[in-house]
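So the structure is just underneath, and the comments pick up after that.
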Amino acid sequence: MIQHIKKFKLFSSLMGLLLVAAISCEPVLACTRTLYVSADGNVVITGRNMDWKEDMGTNLWAFPAGMKKDGAAGSQSVRWVSKYGSIIAAGYDVGTADGMNEKGLVTSILYLAESDYGAIDPQKPVMSIATWAQYVLDNFANVAETVEALKSEPFQIAAPKLPNGAASTMHLAISDASGDSAIFEYIKGKLIIHHGKDYAVMTNSPSYDQQLALNAYWKEIGGLVFLPGTNRAADRFARASFLLEAIPKALDKNYIAGVPGKTFNNQAVASMLSLQRAVSVPLGITTPGQPNISSTIWRSIADQKNLTYYFDSATTPNTFWVSMDRLDLKPGAPVKKLTLQGGVIFAGEVSGLFMEAKPFAFLPAGQ
């Protein structure tokens, strides 16, 4: 009896934290990211849902190596030349929301209401948050290298308003082809990094340490008994964590006959897409008084060993994919774009449909 009382008190306090976070949120990005690693480590896949209250004009872009980039912060900008080519999903064509580089490093930007990047120091380089994920894709081959480079905070983040006026307070999840993972958050002006293969799921508020505590409670209950069913971030975290552990990490004889090529890799991609759909919010659903809880508008599945980027829109009937080895990402190659707007329907492998385009301008830090 005492043990049940303790559990209830823990649950009540955690739910209180979650309720405060939910009430304080503005209209925001509310997403879910998961990282799958097979039993033998030969298949590594990152899945991601983009939840948003409107069509955000997402297009896919192929950026080659050798591009001169900056942090969109004028004379105070961080500046670099990209070491690696990448394919990315842009938000409003002003920033990198999700993507994978030619080394299999994946970045995913998700909303976090608690983000606080601190006051801008005029003596320190600045990076618009719109360029944060792209900077990582351009410069690093794996998670450990990224963590080592960023833990000293070589730049500061500026978070301008998004084109629709919403706040751009985000945290960043990264994963690599080895199955390593890291979460980057700025809380009260300080960078906090959670680094390790165990950090396989990320959603939104509250901060990641509190998300882990909430998930620990649901793990003790057990997903086969009861799982939280709302579309709140912490509930999606618990469901995604349970499902990620439950899906097969080796070939499943019950379903492999129906898998293209009858390969385990394709089975794993299908499992991950099923998982991301299972934690999606149906298109058109809104929660009165809580505009931060939004519909899933698209999903991405990044196969990091085979460098294949799958895209699944909630508004079109087909999943399609891009094989990065079919794109020219060498220095000097042109930037290319796959326009997804206007209800265009794609299917199958689409690298040949990318068209040369002028790169978009990243959202300025001072906007």
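If you're wondering about the labels, chains in the structure tokens are A, B, ... by order shown, residues count from 1 in each chain, ligands from 1 in order shown.
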Interface rows for segment 87-107 of chain A against segment 29-48 of chain A: nearest pair, Å to one decimal, 10 Å, only C-alpha atoms, as a Markdown table:
```
| residue | atom | partner | partner_atom | distance |
| --- | --- | --- | --- | --- |
| A:Asp98 | CA | A:Arg48 | CA | 8.3 |
| A:Met100 | CA | A:Thr46 | CA | 9.7 |
| A:Gly104 | CA | A:Val44 | CA | 9.4 |
| A:Leu105 | CA | A:Thr46 | CA | 9.8 |
| A:Val106 | CA | A:Thr46 | CA | 7.4 |
| A:Thr107 | CA | A:Thr46 | CA | 9.3 |
```
Q: Determine which residues of segment 176-337 of chain A receive a DSSP assignment of strand (DSSP E or B), computed from the backbone, and state them as a count of residues only.
A: 36
- prompt: If we count only C-alpha atoms, what is near Asp116 of chain A at a cut-off of 10 Å, once residues fewer than 4 positions away on the same chain are taken out, given as a list in words?
  reply: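 The filter keeps Leu112, Ile157, Ala158, Ala159, Thr169, Met170, Glu185, Tyr186, Ile187, Lys188, Gly189, Lys190 and Leu191 of chain A.
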Shell of 6 Å around Asn59 of chain A, only C-alpha atoms, local chain residues under 4 positions omitted, as a short mmCIF file (atom, residue, chain, number, x, y, z; two decimals) with all heavy atoms, in the first residue's frame:
```cif
data_model
loop_
_atom_site.label_atom_id
_atom_site.label_comp_id
_atom_site.auth_asym_id
_atom_site.auth_seq_id
_atom_site.Cartn_x
_atom_site.Cartn_y
_atom_site.Cartn_z
N ALA A 89 15.09 18.47 -44.84
CA ALA A 89 13.70 18.93 -44.94
C ALA A 89 13.66 20.31 -44.31
O ALA A 89 14.02 20.48 -43.14
CB ALA A 89 12.77 17.97 -44.22
N ALA A 90 13.25 21.31 -45.09
CA ALA A 90 13.24 22.69 -44.62
C ALA A 90 11.87 23.07 -44.07
O ALA A 90 10.84 22.57 -44.54
CB ALA A 90 13.63 23.64 -45.75
N THR A 339 10.52 20.06 -54.85
CA THR A 339 9.39 20.87 -54.40
C THR A 339 8.21 19.96 -54.06
O THR A 339 7.72 19.21 -54.91
CB THR A 339 8.98 21.88 -55.47
OG1 THR A 339 10.10 22.73 -55.76
CG2 THR A 339 7.81 22.73 -55.01
N LEU A 340 7.75 20.04 -52.82
CA LEU A 340 6.66 19.19 -52.34
C LEU A 340 5.33 19.93 -52.28
O LEU A 340 4.30 19.31 -52.04
CB LEU A 340 6.99 18.65 -50.95
CG LEU A 340 8.33 17.94 -50.78
CD1 LEU A 340 8.47 17.43 -49.35
CD2 LEU A 340 8.47 16.79 -51.77
#
```
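From atom CA of Tyr255 of chain A back to atom CA of Met202 of chain A, the distance works out to 28.2 Å.
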Any chance you could tabulate, as a Markdown table, the residues of segment 32-69 of chain A at most 10 Å from segment 123-141 of chain A with each one's nearest atom pair and distance in Å to one decimal, using only C-alpha atoms, in chain and rising number order?
```
| residue | atom | partner | partner_atom | distance |
| --- | --- | --- | --- | --- |
| A:Phe63 | CA | A:Asp138 | CA | 9.0 |
| A:Pro64 | CA | A:Asp138 | CA | 9.2 |
| A:Ala65 | CA | A:Asp138 | CA | 7.4 |
| A:Gly66 | CA | A:Asp138 | CA | 9.0 |
| A:Met67 | CA | A:Asp138 | CA | 8.9 |
| A:Lys69 | CA | A:Tyr135 | CA | 8.4 |
```
Using N, CA, C and O atoms, can you write the selected residues to a file as a compact mmCIF listing (two decimals), in the first residue's frame?
```
# COMPACT_ATOMS: atom_id res chain seq x y z
N PHE A 63 22.15 19.69 -50.42
CA PHE A 63 23.25 20.65 -50.31
C PHE A 63 24.58 19.92 -50.48
O PHE A 63 24.88 19.00 -49.70
N PRO A 64 25.41 20.31 -51.46
CA PRO A 64 26.70 19.65 -51.63
C PRO A 64 27.72 20.13 -50.59
O PRO A 64 27.50 21.13 -49.90
N ALA A 65 28.81 19.41 -50.48
CA ALA A 65 29.95 19.86 -49.67
C ALA A 65 30.58 21.07 -50.35
O ALA A 65 30.33 21.36 -51.53
N GLY A 66 31.39 21.79 -49.58
CA GLY A 66 32.14 22.91 -50.16
C GLY A 66 31.39 24.22 -50.22
O GLY A 66 31.90 25.19 -50.80
N MET A 67 30.19 24.30 -49.63
CA MET A 67 29.42 25.54 -49.65
C MET A 67 29.87 26.47 -48.52
O MET A 67 30.10 26.04 -47.40
N LYS A 69 29.00 28.97 -45.77
CA LYS A 69 27.80 29.18 -44.97
C LYS A 69 28.09 30.17 -43.83
O LYS A 69 29.25 30.40 -43.48
```
